[in-house]
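> Encoded as structure tokens, here's the structure I'll be asking about.
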Amino acid sequence: MNYLKVSSLLSFVLLSNIFIYSQTLQSLELINGYNEFSIVVQNNTNIAFDSVYVVTEPDNLPEIVKSLYCTNSINSSAGKRSSSNIGISIYVDNLQDDLIYTIPLVLKDRNNNKWNYSIDAILENDDAKKNRLLKNYPNPFNASTDIGFELTNKNEINTKLVIYNLVGKKIFTLIDQDLSEGFYNYTWQGFDNNGKTVSSGTYIYKLTSGSFSQTKKMILLK
């Protein structure tokens with residue numbers, strides 16, 4: 001799992017309710033494996049759009065894209081820039097150096113308004129690879145959610161993925177074992193270590209592997 005550099009944030013500008021114009025600061029820099037990036041919507045119309053999210057048309061995706069999904073939706077107010085970003089997770093394989101790949105995206109809202117857009121992607125320097133913890137999906141969630149992470153260490157290192165509540169109490173241990181380089185995905189079904197269903201609320205999930213540590217928040221709704 002890998003993150004797009006902050007400087008590569010994409011800015012979408014809606015010109016009408018039927019098409020989209022975009023301004024990108026630079027091409028997406030991806031590595032082979034999981035990546036995450038964000039987009040922000042600038043709505044220059046006099047129409048508000050609810051629950052704007054990203055979908056894909058699999059037949060139009062380049063072969064390098066093995067999966068691509070949106071992690072959340074946003075509301076877009078008329079004449080304003082969105083206060084939050086749309087998160088996107090993408091898994092790519094066999095990216096080649098010195099090539100530019102075009103990845104089509106489709107933005108939709110609750111009323112099925114649709115805007116077609118494409119982004120350019122290039123291979124990032126492998127030297128930048130680091131351990132990463134992905135955003136859980138879906139989030140918020142009802143019954144279960146998937147949590148993925150990627151490790152870059154060649155040798156096996158003790159790795160833990162643990163769920164906590166907001167006061168720091170350990171709720172559930174998803175994994176506690178030695179792991180080496182690779183992508184891993186685990187599902188939390190909303191139980192604690194005693195097998196009891198936990199209540200609705202915000203929870204923290206923490207990945208530790210050797211000296212590496214990263215945490216993120218997720219919301220359970222019932």
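In the structure tokens, chains take letters A, B, ... by order of appearance, with residues numbered from 1 within each chain and ligands from 1 in the order shown.
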Write out as a list of chain:residue names which residues come within 7 Å of Leu105 in chain A when counting only C-alpha atoms, dropping same-chain ones fewer than 6 positions away.
A:Val54, A:Val55, A:Thr56, A:Asn116, A:Tyr117, A:Ser118
> Near Lys66 in chain A, within 12 Å and counting only C-alpha atoms, which residues show up once chain neighbours fewer than 2 positions away are dropped, as a ChimeraX atom specification?
/A:32-35,56,58-59,61-64,68-69,89-95,103
> Compare A:Ser83, A:Thr202, A:Ser67, A:Ser51 by their minimum atom-to-atom distance to Ile163 in chain A, counting only C-alpha atoms, and give me the closest one.
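Answer, going by the shortest atom-to-atom distance: A:Thr202.
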> Record the distance separating CA of Arg81 in chain A and CA of Phe49 in chain A, expressed in Å with one decimal.
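Separation of CA of Arg81 in chain A and CA of Phe49 in chain A: 11.9 Å.
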> Compile the contact shell of Arg132 in chain A as a list in words: residues with an atom at most 10 Å away, counting only C-alpha atoms, same-chain residues fewer than 6 positions apart removed.
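Final neighbour list, sorted by chain and number: Met1, Asn2, Tyr3, Tyr34, Asn35, Gly148, Phe149, Glu150, Leu151, Thr152, Phe183, Leu207, Phe212, Ser213 and Gln214 of chain A.
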